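Visitor: Contents of work.cif (mmCIF, C-alpha atoms (C1' of nucleotides)):
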```cif
data_protein
#
loop_
_atom_site.label_atom_id
_atom_site.label_comp_id
_atom_site.auth_asym_id
_atom_site.auth_seq_id
_atom_site.Cartn_x
_atom_site.Cartn_y
_atom_site.Cartn_z
CA MET K 1 15.16 23.93 45.69
CA ALA K 2 17.45 21.64 44.02
CA ASP K 3 15.30 19.78 41.65
CA VAL K 4 17.42 17.22 40.09
CA THR K 5 15.90 16.45 36.80
CA ILE K 6 18.96 15.24 35.07
CA ALA K 7 19.91 11.66 34.82
CA CYS K 8 19.93 9.68 31.70
CA CYS K 9 18.13 6.76 33.07
CA ALA K 10 16.00 5.30 35.72
CA PRO K 11 17.67 4.32 38.93
CA ILE K 12 19.26 0.99 38.88
CA ALA K 13 16.63 -0.80 40.88
CA ARG K 14 13.62 0.52 39.08
CA GLU K 15 14.00 -1.10 35.71
CA PRO K 16 16.74 -2.83 33.75
CA LEU K 17 19.09 -0.45 32.06
CA SER K 18 19.11 -0.48 28.32
CA GLU K 19 22.29 -1.51 26.66
CA SER K 20 23.10 2.03 25.58
CA ALA K 21 22.23 3.57 28.90
CA ALA K 22 24.46 1.05 30.62
CA ALA K 23 27.30 1.87 28.26
CA GLU K 24 26.92 5.56 28.87
CA MET K 25 26.83 5.23 32.62
CA ALA K 26 29.71 2.79 32.58
CA THR K 27 32.01 5.27 30.89
CA LEU K 28 31.04 7.82 33.51
CA LEU K 29 31.64 5.35 36.30
CA LYS K 30 34.94 4.22 34.87
CA ALA K 31 36.13 7.78 35.05
CA VAL K 32 35.43 7.80 38.75
CA ALA K 33 36.48 4.27 39.60
CA ASP K 34 39.99 5.19 40.63
CA PRO K 35 41.21 6.30 44.04
CA VAL K 36 43.24 9.17 42.69
CA ARG K 37 40.48 10.50 40.50
CA LEU K 38 37.98 10.17 43.29
CA ARG K 39 40.16 12.23 45.54
CA LEU K 40 40.79 14.75 42.81
CA LEU K 41 37.09 15.09 42.22
CA SER K 42 36.35 15.56 45.88
CA MET K 43 39.16 18.05 46.27
CA ILE K 44 37.94 20.09 43.36
CA GLY K 45 34.35 19.79 44.42
CA SER K 46 34.91 20.74 48.00
CA HIS K 47 37.30 23.57 47.37
CA ALA K 48 36.10 26.91 48.62
CA GLY K 49 35.25 29.14 45.73
CA GLY K 50 34.39 26.25 43.50
CA GLU K 51 37.70 26.28 41.72
CA THR K 52 40.99 24.59 42.33
CA CYS K 53 44.37 25.31 40.87
CA VAL K 54 46.18 22.31 39.48
CA CYS K 55 49.19 23.39 41.44
CA ASP K 56 47.28 22.66 44.65
CA LEU K 57 46.35 19.21 43.44
CA THR K 58 49.70 17.88 42.39
CA ASP K 59 51.18 18.50 45.80
CA ALA K 60 48.58 16.39 47.53
CA PHE K 61 49.67 13.18 45.88
CA ASN K 62 52.78 11.15 45.65
CA LEU K 63 52.55 11.14 41.91
CA THR K 64 54.22 13.03 39.12
CA ALA K 65 52.56 16.03 37.50
CA PRO K 66 51.92 14.23 34.21
CA THR K 67 50.09 11.51 36.04
CA ILE K 68 47.82 13.99 37.77
CA SER K 69 47.32 15.71 34.46
CA HIS K 70 46.31 12.43 32.93
CA HIS K 71 43.71 11.77 35.61
CA LEU K 72 42.32 15.26 35.26
CA LYS K 73 41.97 14.70 31.58
CA VAL K 74 40.03 11.52 32.14
CA LEU K 75 37.64 13.36 34.42
CA ARG K 76 37.33 16.24 32.01
CA THR K 77 36.76 13.99 29.02
CA ALA K 78 33.97 12.32 30.94
CA GLY K 79 32.44 15.73 31.51
CA LEU K 80 32.68 15.60 35.26
CA ILE K 81 34.93 18.62 35.50
CA ASP K 82 35.88 21.53 33.34
CA SER K 83 38.92 23.76 33.26
CA GLU K 84 40.27 27.09 32.17
CA ARG K 85 43.69 28.61 32.01
CA ARG K 86 44.10 31.98 33.62
CA GLY K 87 47.56 33.30 33.19
CA THR K 88 50.10 30.93 34.50
CA TRP K 89 47.74 28.59 36.27
CA VAL K 90 44.98 26.28 35.21
CA TYR K 91 41.83 26.03 37.27
CA TYR K 92 39.40 23.16 37.48
CA TRP K 93 35.83 23.04 38.70
CA ILE K 94 33.15 20.45 38.97
CA VAL K 95 30.17 20.04 36.63
CA PRO K 96 27.37 19.24 39.09
CA ALA K 97 24.85 18.10 36.51
CA VAL K 98 27.06 15.28 35.38
CA VAL K 99 28.04 14.25 38.87
CA ALA K 100 24.36 14.17 39.73
CA LYS K 101 23.81 11.58 37.03
CA LEU K 102 25.86 9.18 39.04
CA GLY K 103 23.92 9.82 42.19
CA ALA K 104 20.62 9.44 40.42
CA LEU K 105 21.62 5.98 39.33
CA PHE K 106 21.94 4.63 42.83
CA THR K 107 20.18 6.82 45.34
CA PRO K 108 16.50 6.11 45.06
CA LEU K 109 17.37 2.79 46.53
CA ALA K 110 18.09 3.93 50.00
CA GLU K 111 16.28 7.22 50.24
CA PRO K 112 13.29 7.04 52.52
CA ALA K 113 10.72 7.81 49.85
CA SER K 114 11.60 11.26 48.71
CA ALA K 115 9.02 13.27 50.55
CA GLY K 116 9.18 16.21 48.28
CA PRO K 117 9.11 17.15 44.65
CA VAL K 118 12.55 15.89 44.21
CA ASP K 119 11.73 14.14 41.05
CA VAL K 120 14.62 12.19 39.74
CA GLY K 121 12.82 11.62 36.56
CA LEU K 122 13.65 9.65 33.52
CA VAL K 123 14.41 12.67 31.48
CA THR K 124 16.90 11.81 28.88
CA VAL K 125 19.91 13.89 28.16
CA MET Z 1 13.74 20.37 30.14
CA ALA Z 2 15.96 19.45 32.91
CA ASP Z 3 16.59 22.67 34.66
CA VAL Z 4 19.65 21.84 36.52
CA THR Z 5 19.49 23.71 39.73
CA ILE Z 6 21.29 21.16 41.72
CA ALA Z 7 22.49 22.55 44.90
CA CYS Z 8 26.08 23.41 44.99
CA CYS Z 9 27.41 20.10 45.80
CA ALA Z 10 27.27 16.44 46.22
CA PRO Z 11 28.72 14.68 49.24
CA ILE Z 12 31.82 14.17 47.23
CA ALA Z 13 32.00 17.88 47.23
CA ARG Z 14 31.60 18.32 50.92
CA GLU Z 15 35.13 17.54 51.88
CA PRO Z 16 38.11 15.81 50.36
CA LEU Z 17 37.99 12.06 50.66
CA SER Z 18 40.66 10.49 52.73
CA GLU Z 19 43.03 8.19 50.98
CA SER Z 20 41.49 5.10 52.51
CA ALA Z 21 37.93 6.23 51.90
CA ALA Z 22 38.79 6.89 48.29
CA ALA Z 23 40.33 3.46 47.97
CA GLU Z 24 37.29 1.80 49.46
CA MET Z 25 34.86 3.64 47.26
CA ALA Z 26 37.01 3.07 44.21
CA THR Z 27 36.85 -0.69 44.59
CA LEU Z 28 33.09 -0.42 44.88
CA LEU Z 29 32.91 1.80 41.82
CA LYS Z 30 35.21 -0.42 39.84
CA ALA Z 31 32.81 -3.27 40.39
CA VAL Z 32 30.07 -1.23 38.79
CA ALA Z 33 32.07 0.49 36.09
CA ASP Z 34 31.25 -2.03 33.41
CA PRO Z 35 28.26 -2.09 31.08
CA VAL Z 36 27.54 -5.74 31.61
CA ARG Z 37 27.76 -5.54 35.39
CA LEU Z 38 25.62 -2.43 35.44
CA ARG Z 39 22.93 -4.19 33.50
CA LEU Z 40 23.23 -7.27 35.68
CA LEU Z 41 22.86 -5.17 38.77
CA SER Z 42 19.84 -3.36 37.41
CA MET Z 43 18.27 -6.59 36.28
CA ILE Z 44 18.72 -8.15 39.67
CA GLY Z 45 17.69 -5.01 41.50
CA SER Z 46 14.56 -4.42 39.50
CA HIS Z 47 13.39 -7.98 39.35
CA ALA Z 48 10.04 -8.58 40.91
CA GLY Z 49 10.40 -10.58 44.06
CA GLY Z 50 13.85 -9.27 44.71
CA GLU Z 51 15.57 -12.33 43.37
CA THR Z 52 16.79 -13.35 39.98
CA CYS Z 53 17.84 -16.73 38.72
CA VAL Z 54 21.15 -16.84 36.96
CA CYS Z 55 19.46 -18.70 34.16
CA ASP Z 56 17.43 -15.59 33.41
CA LEU Z 57 20.52 -13.45 33.29
CA THR Z 58 22.67 -15.44 30.94
CA ASP Z 59 20.05 -15.37 28.22
CA ALA Z 60 19.91 -11.60 28.19
CA PHE Z 61 23.47 -11.18 27.00
CA ASN Z 62 25.48 -12.24 24.06
CA LEU Z 63 28.10 -13.67 26.33
CA THR Z 64 29.03 -17.11 27.53
CA ALA Z 65 27.88 -18.40 30.87
CA PRO Z 66 31.35 -18.32 32.41
CA THR Z 67 31.65 -14.67 31.53
CA ILE Z 68 28.37 -13.83 33.22
CA SER Z 69 29.46 -15.90 36.16
CA HIS Z 70 32.66 -13.94 36.35
CA HIS Z 71 30.83 -10.62 36.40
CA LEU Z 72 28.45 -11.85 39.06
CA LYS Z 73 31.41 -12.86 41.15
CA VAL Z 74 32.90 -9.40 40.86
CA LEU Z 75 29.66 -7.86 42.04
CA ARG Z 76 29.35 -10.36 44.84
CA THR Z 77 32.92 -9.92 45.98
CA ALA Z 78 32.28 -6.20 46.16
CA GLY Z 79 29.31 -6.90 48.37
CA LEU Z 80 26.76 -5.38 46.04
CA ILE Z 81 24.86 -8.62 45.59
CA ASP Z 82 24.52 -11.91 47.35
CA SER Z 83 23.51 -15.34 46.19
CA GLU Z 84 22.18 -18.68 47.27
CA ARG Z 85 21.74 -21.99 45.56
CA ARG Z 86 18.32 -23.57 45.81
CA GLY Z 87 18.21 -26.92 44.18
CA THR Z 88 19.27 -26.71 40.61
CA TRP Z 89 19.33 -22.97 40.30
CA VAL Z 90 21.27 -20.17 41.87
CA TYR Z 91 19.53 -16.98 42.85
CA TYR Z 92 20.99 -13.53 43.24
CA TRP Z 93 19.69 -10.46 45.03
CA ILE Z 94 20.86 -6.97 45.69
CA VAL Z 95 22.35 -5.67 48.94
CA PRO Z 96 20.74 -2.24 49.21
CA ALA Z 97 22.98 -0.91 51.95
CA VAL Z 98 26.07 -1.28 49.82
CA VAL Z 99 24.45 0.11 46.71
CA ALA Z 100 23.33 3.06 48.79
CA LYS Z 101 26.92 3.87 49.57
CA LEU Z 102 27.44 4.65 45.93
CA GLY Z 103 24.43 6.89 45.79
CA ALA Z 104 25.46 8.69 48.92
CA LEU Z 105 28.75 9.60 47.36
CA PHE Z 106 27.24 11.56 44.53
CA THR Z 107 23.74 12.46 45.47
CA PRO Z 108 23.19 16.12 46.12
CA LEU Z 109 22.87 16.94 49.75
CA ALA Z 110 19.14 17.15 49.51
CA GLU Z 111 17.26 20.39 49.63
CA PRO Z 112 18.68 23.44 51.36
CA ALA Z 113 17.50 23.95 54.89
CA SER Z 114 13.91 22.79 54.76
CA ALA Z 115 14.44 19.11 54.86
CA GLY Z 116 17.16 19.13 57.38
CA PRO Z 117 18.89 15.97 58.42
CA VAL Z 118 18.99 13.84 55.40
CA ASP Z 119 22.00 12.04 56.58
CA VAL Z 120 23.82 10.81 53.61
CA GLY Z 121 27.12 10.51 55.25
CA LEU Z 122 27.49 6.85 55.86
CA VAL Z 123 30.73 6.80 54.05
CA THR Z 124 32.54 5.81 57.11
CA VAL Z 125 35.74 3.99 56.61
"C1'" DC Q 1 65.11 37.64 23.61
"C1'" DG Q 2 66.25 33.80 26.70
"C1'" DG Q 3 65.22 31.42 30.52
"C1'" DC Q 4 61.98 29.80 34.12
"C1'" DT Q 5 57.91 27.76 36.11
"C1'" DG Q 6 53.48 25.44 35.40
"C1'" DA Q 7 50.86 22.17 32.72
"C1'" DT Q 8 50.02 18.99 29.02
"C1'" DT Q 9 51.20 15.61 25.35
"C1'" DA Q 10 53.72 11.48 23.66
"C1'" DG Q 11 55.39 7.13 24.24
"C1'" DA Q 12 56.98 2.97 26.93
"C1'" DG Q 13 56.59 -0.71 30.43
"C1'" DA Q 14 54.04 -3.41 33.77
"C1'" DT Q 15 49.71 -4.59 35.56
"C1'" DT Q 16 44.82 -5.32 35.39
"C1'" DC Q 17 40.61 -6.52 32.95
"C1'" DG Q 18 37.14 -8.83 29.89
"C1'" DT Q 19 36.29 -12.61 27.25
"C1'" DC Q 20 36.80 -17.12 25.67
"C1'" DT Q 21 37.44 -22.55 25.84
"C1'" DA Q 22 38.07 -26.52 28.67
"C1'" DA Q 23 37.41 -28.66 32.86
"C1'" DT Q 24 35.00 -29.24 37.31
"C1'" DC Q 25 31.28 -29.12 40.73
"C1'" DA Q 26 26.05 -29.70 42.07
"C1'" DA Q 27 21.66 -31.36 41.71
"C1'" DG Q 28 18.19 -33.91 39.55
"C1'" DC Q 29 16.90 -37.21 36.47
"C1'" DT Q 30 16.29 -42.28 34.17
"C1'" DA T 1 25.29 -45.73 38.90
"C1'" DG T 2 25.46 -42.89 34.85
"C1'" DC T 3 23.68 -39.18 32.08
"C1'" DT T 4 21.99 -34.32 31.69
"C1'" DT T 5 21.49 -29.60 32.71
"C1'" DG T 6 22.95 -25.45 35.33
"C1'" DA T 7 26.76 -22.88 37.30
"C1'" DT T 8 31.45 -22.03 38.64
"C1'" DT T 9 36.57 -22.43 38.41
"C1'" DA T 10 41.02 -22.48 35.85
"C1'" DG T 11 43.91 -20.88 32.46
"C1'" DA T 12 45.02 -18.20 28.27
"C1'" DC T 13 45.13 -14.19 25.36
"C1'" DG T 14 44.29 -9.55 23.58
"C1'" DA T 15 42.80 -4.92 25.08
"C1'" DA T 16 42.72 -1.33 28.27
"C1'" DT T 17 44.83 1.08 32.30
"C1'" DC T 18 48.22 3.43 35.40
"C1'" DT T 19 52.46 5.18 36.06
"C1'" DC T 20 56.71 6.96 34.66
"C1'" DT T 21 60.40 9.77 31.76
"C1'" DA T 22 61.18 12.84 27.99
"C1'" DA T 23 59.56 16.29 25.18
"C1'" DT T 24 56.41 20.15 24.13
"C1'" DC T 25 53.28 24.12 24.89
"C1'" DA T 26 51.89 28.59 27.51
"C1'" DG T 27 52.78 32.56 30.22
"C1'" DC T 28 55.79 35.47 32.93
"C1'" DC T 29 59.90 38.16 34.07
"C1'" DG T 30 64.86 39.54 34.21
#
```
Transcribe the structure of this file into structure tokens.
Guide:
Amino acid sequence: MADVTIACCAPIAREPLSESAAAEMATLLKAVADPVRLRLLSMIGSHAGGETCVCDLTDAFNLTAPTISHHLKVLRTAGLIDSERRGTWVYYWIVPAVVAKLGALFTPLAEPASAGPVDVGLVTV
Amino acid sequence: MADVTIACCAPIAREPLSESAAAEMATLLKAVADPVRLRLLSMIGSHAGGETCVCDLTDAFNLTAPTISHHLKVLRTAGLIDSERRGTWVYYWIVPAVVAKLGALFTPLAEPASAGPVDVGLVTV
DNA sequence: CGGCTGATTAGAGATTCGTCTAATCAAGCT
DNA sequence: AGCTTGATTAGACGAATCTCTAATCAGCCG
């Protein structure tokens, strides 16, 4: 049972975000607020095996390798993904806990009253 | 403390976003990827009655009125909020359907099999 | 070793963004 | 009408962002 207890703050519609919470979430959101990075994140996240080689990513865009590298760094700095070099290639994977923070910020809005113990609590990080 | 069991993936991790879907979501995310706008959105969204007067918003920040107005416009242009003038004051409220799009992007795909059809996939383009 | 492929870092150029001041629009006074 | 208060628009300016080319780092193999 995926009990999502992460999240740094209450969902957006429950109570006003504190200044610091807003700043923290904004940096996370900024990392994702780019078409290329969004696609990168979804490619990495949806890749079978949970890992993706950079070499597979660069080919999917009409951008130079350094540019892709830059976007990956932004995502990694934000904590949304992590990476490791294995021999010649570098592999990236998603960090679900951090991605879940983003979802927790917005979801309770639309969800039909979470029927279960899916407590998206206000546990701080 | 926060045992992060989160399923394997968020919707973003279900399949790679198309280029157009990524672009659409990115514009939405960009609108929210700012501390001030995040706080504005949460203030409006959590306000009792569902509406908030601009006059209540400007006082909460150390920014000039035009700046707040600018941020509200960004949110409104993105479709996340809507507004109406009633007499002297202008009132803003949240548009839940659009905010939900953001949540749907990152929220874990609900519990394993038990719950079943928690359709989160309204990310149609 | 020397060279080759994959990936990142460094730095530059153009665009976008956040904030401000000044000016304008809207509604309600006196 | 003319003044006052609330809100937005217009324009300017510095900071941040995205992309590129050139250079550098890390493994592999002839």
Visitor: Tell me as a ChimeraX atom specification which residues belonging to chain K come within 10 Å of chain Q, counting only C-alpha atoms (C1' of nucleotides).
Guide: /K:54-55,65-66,69-70,73,85,88-90
Visitor: Please compute the CA of Asn62 in chain Z-CA of Leu40 in chain Z distance, one decimal, in Å.
Guide: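 Interatomic distance, CA of Asn62 in chain Z to CA of Leu40 in chain Z: 12.8 Å.
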Visitor: With distances taken over all atoms listed in the file, which residue among T:DA23, T:DA7, T:DA16, T:DC28 lies nearest chain Z?
Guide: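 Looking only at the distances to chain Z, the closest residue turns out to be T:DA7.
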Visitor: Rounded to one decimal, what separation in Å do you get between CA of Ala100 in chain K and CA of Leu29 in chain Z?
Guide: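 These atoms are spaced 15.2 Å apart.
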Visitor: Give as a ChimeraX atom specification the residues that the PyMOL selection byres ((chain T) within 8 of (chain K)) matches when applied to the coordinates above.
Guide: /T:19-20,26-28
Visitor: Using all atoms listed in the file, select each residue of chain Z with any atom at most 6 Å away from an atom of chain K, and give the selection as a count of residues only.
Guide: 28
Visitor: Report the centre and edge lengths, in Å to one decimal, of an axis-aligned box enclosing every atom of range 18-24 of chain Q listed in the file, padded by 3 Å on each side, as lines of an AutoDock Vina configuration file.
Guide:
```
center_x = 36.5
center_y = -19.0
center_z = 31.5
size_x = 9.1
size_y = 26.4
size_z = 17.6
```
Visitor: What does the distance from CA of Leu75 in chain K to CA of Trp93 in chain K come to in Å, to one decimal?
Guide: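 Atom-to-atom, CA of Leu75 in chain K to CA of Trp93 in chain K, that is 10.7 Å.
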Visitor: On this file, the PyMOL selection byres ((chain K and resi 52) around 6) gives some set of residues; write that set as a count of residues only.
Guide: 5
Visitor: Grab range 89-101 of chain Z from that structure and dump all heavy atoms to a file, as an mmCIF file, in the first residue's frame.
Guide:
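So the final result, stored in part_9.cif, reads:
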```cif
data_model
loop_
_atom_site.group_PDB
_atom_site.id
_atom_site.type_symbol
_atom_site.label_atom_id
_atom_site.label_comp_id
_atom_site.auth_asym_id
_atom_site.auth_seq_id
_atom_site.Cartn_x
_atom_site.Cartn_y
_atom_site.Cartn_z
ATOM 1 N N TRP Z 89 -14.291 46.215 -5.431
ATOM 2 C CA TRP Z 89 -13.250 45.201 -5.304
ATOM 3 C C TRP Z 89 -13.304 44.104 -6.350
ATOM 4 O O TRP Z 89 -14.342 43.828 -6.956
ATOM 5 C CB TRP Z 89 -13.309 44.583 -3.908
ATOM 6 C CG TRP Z 89 -12.938 45.563 -2.847
ATOM 7 C CD1 TRP Z 89 -11.684 45.976 -2.528
ATOM 8 C CD2 TRP Z 89 -13.828 46.284 -2.006
ATOM 9 N NE1 TRP Z 89 -11.737 46.907 -1.521
ATOM 10 C CE2 TRP Z 89 -13.021 47.115 -1.189
ATOM 11 C CE3 TRP Z 89 -15.216 46.321 -1.853
ATOM 12 C CZ2 TRP Z 89 -13.587 47.963 -0.226
ATOM 13 C CZ3 TRP Z 89 -15.772 47.160 -0.896
ATOM 14 C CH2 TRP Z 89 -14.954 47.985 -0.100
ATOM 15 N N VAL Z 90 -12.157 43.491 -6.530
ATOM 16 C CA VAL Z 90 -12.048 42.383 -7.474
ATOM 17 C C VAL Z 90 -11.802 41.098 -6.692
ATOM 18 O O VAL Z 90 -10.966 41.073 -5.787
ATOM 19 C CB VAL Z 90 -10.889 42.621 -8.457
ATOM 20 C CG1 VAL Z 90 -10.700 41.425 -9.361
ATOM 21 C CG2 VAL Z 90 -11.142 43.874 -9.267
ATOM 22 N N TYR Z 91 -12.542 40.076 -7.040
ATOM 23 C CA TYR Z 91 -12.424 38.820 -6.322
ATOM 24 C C TYR Z 91 -11.836 37.733 -7.214
ATOM 25 O O TYR Z 91 -12.126 37.664 -8.413
ATOM 26 C CB TYR Z 91 -13.796 38.369 -5.808
ATOM 27 C CG TYR Z 91 -14.345 39.292 -4.752
ATOM 28 C CD1 TYR Z 91 -15.082 40.421 -5.105
ATOM 29 C CD2 TYR Z 91 -14.112 39.060 -3.405
ATOM 30 C CE1 TYR Z 91 -15.578 41.288 -4.140
ATOM 31 C CE2 TYR Z 91 -14.605 39.912 -2.423
ATOM 32 C CZ TYR Z 91 -15.340 41.030 -2.807
ATOM 33 O OH TYR Z 91 -15.819 41.891 -1.850
ATOM 34 N N TYR Z 92 -11.021 36.902 -6.600
ATOM 35 C CA TYR Z 92 -10.409 35.793 -7.331
ATOM 36 C C TYR Z 92 -10.807 34.469 -6.707
ATOM 37 O O TYR Z 92 -11.026 34.376 -5.502
ATOM 38 C CB TYR Z 92 -8.882 35.925 -7.281
ATOM 39 C CG TYR Z 92 -8.320 36.884 -8.313
ATOM 40 C CD1 TYR Z 92 -8.270 38.253 -8.048
ATOM 41 C CD2 TYR Z 92 -7.863 36.425 -9.537
ATOM 42 C CE1 TYR Z 92 -7.756 39.134 -8.995
ATOM 43 C CE2 TYR Z 92 -7.347 37.297 -10.476
ATOM 44 C CZ TYR Z 92 -7.299 38.653 -10.203
ATOM 45 O OH TYR Z 92 -6.799 39.515 -11.130
ATOM 46 N N TRP Z 93 -10.903 33.445 -7.555
ATOM 47 C CA TRP Z 93 -11.146 32.102 -7.031
ATOM 48 C C TRP Z 93 -10.395 31.099 -7.888
ATOM 49 O O TRP Z 93 -9.974 31.399 -9.001
ATOM 50 C CB TRP Z 93 -12.639 31.774 -7.013
ATOM 51 C CG TRP Z 93 -13.267 31.856 -8.364
ATOM 52 C CD1 TRP Z 93 -13.363 30.865 -9.305
ATOM 53 C CD2 TRP Z 93 -13.895 33.008 -8.950
ATOM 54 N NE1 TRP Z 93 -13.994 31.316 -10.435
ATOM 55 C CE2 TRP Z 93 -14.345 32.623 -10.241
ATOM 56 C CE3 TRP Z 93 -14.134 34.316 -8.512
ATOM 57 C CZ2 TRP Z 93 -14.996 33.510 -11.094
ATOM 58 C CZ3 TRP Z 93 -14.787 35.184 -9.383
ATOM 59 C CH2 TRP Z 93 -15.206 34.792 -10.646
ATOM 60 N N ILE Z 94 -10.255 29.932 -7.325
ATOM 61 C CA ILE Z 94 -9.471 28.888 -7.968
ATOM 62 C C ILE Z 94 -10.299 28.112 -8.985
ATOM 63 O O ILE Z 94 -11.528 28.033 -8.851
ATOM 64 C CB ILE Z 94 -8.912 27.948 -6.871
ATOM 65 C CG1 ILE Z 94 -7.407 27.777 -7.066
ATOM 66 C CG2 ILE Z 94 -9.632 26.625 -6.887
ATOM 67 C CD1 ILE Z 94 -6.742 27.046 -5.945
ATOM 68 N N VAL Z 95 -9.653 27.559 -9.987
ATOM 69 C CA VAL Z 95 -10.321 26.686 -10.949
ATOM 70 C C VAL Z 95 -9.805 25.262 -10.715
ATOM 71 O O VAL Z 95 -8.772 24.874 -11.253
ATOM 72 C CB VAL Z 95 -10.028 27.126 -12.402
ATOM 73 C CG1 VAL Z 95 -10.715 26.195 -13.387
ATOM 74 C CG2 VAL Z 95 -10.477 28.561 -12.620
ATOM 75 N N PRO Z 96 -10.522 24.504 -9.940
ATOM 76 C CA PRO Z 96 -10.034 23.210 -9.456
ATOM 77 C C PRO Z 96 -9.629 22.258 -10.578
ATOM 78 O O PRO Z 96 -8.639 21.545 -10.454
ATOM 79 C CB PRO Z 96 -11.240 22.649 -8.696
ATOM 80 C CG PRO Z 96 -12.054 23.837 -8.326
ATOM 81 C CD PRO Z 96 -11.875 24.810 -9.453
ATOM 82 N N ALA Z 97 -10.364 22.261 -11.645
ATOM 83 C CA ALA Z 97 -10.082 21.313 -12.722
ATOM 84 C C ALA Z 97 -8.677 21.499 -13.276
ATOM 85 O O ALA Z 97 -7.984 20.534 -13.599
ATOM 86 C CB ALA Z 97 -11.108 21.462 -13.841
ATOM 87 N N VAL Z 98 -8.273 22.739 -13.380
ATOM 88 C CA VAL Z 98 -6.945 23.005 -13.935
ATOM 89 C C VAL Z 98 -5.860 22.681 -12.920
ATOM 90 O O VAL Z 98 -4.824 22.109 -13.258
ATOM 91 C CB VAL Z 98 -6.831 24.470 -14.398
ATOM 92 C CG1 VAL Z 98 -5.453 24.746 -14.962
ATOM 93 C CG2 VAL Z 98 -7.906 24.767 -15.431
ATOM 94 N N VAL Z 99 -6.113 23.033 -11.673
ATOM 95 C CA VAL Z 99 -5.149 22.703 -10.631
ATOM 96 C C VAL Z 99 -4.982 21.186 -10.549
ATOM 97 O O VAL Z 99 -3.882 20.673 -10.333
ATOM 98 C CB VAL Z 99 -5.595 23.252 -9.266
ATOM 99 C CG1 VAL Z 99 -4.632 22.810 -8.168
ATOM 100 C CG2 VAL Z 99 -5.668 24.764 -9.302
ATOM 101 N N ALA Z 100 -6.065 20.493 -10.753
ATOM 102 C CA ALA Z 100 -6.025 19.025 -10.659
ATOM 103 C C ALA Z 100 -5.126 18.420 -11.723
ATOM 104 O O ALA Z 100 -4.541 17.352 -11.528
ATOM 105 C CB ALA Z 100 -7.439 18.461 -10.784
ATOM 106 N N LYS Z 101 -5.021 19.105 -12.844
ATOM 107 C CA LYS Z 101 -4.136 18.600 -13.891
ATOM 108 C C LYS Z 101 -2.724 18.463 -13.374
ATOM 109 O O LYS Z 101 -2.016 17.501 -13.695
ATOM 110 C CB LYS Z 101 -4.123 19.581 -15.072
ATOM 111 C CG LYS Z 101 -5.233 19.404 -16.068
ATOM 112 C CD LYS Z 101 -4.855 20.160 -17.335
ATOM 113 C CE LYS Z 101 -6.017 20.365 -18.275
ATOM 114 N NZ LYS Z 101 -5.592 21.136 -19.467
#
```
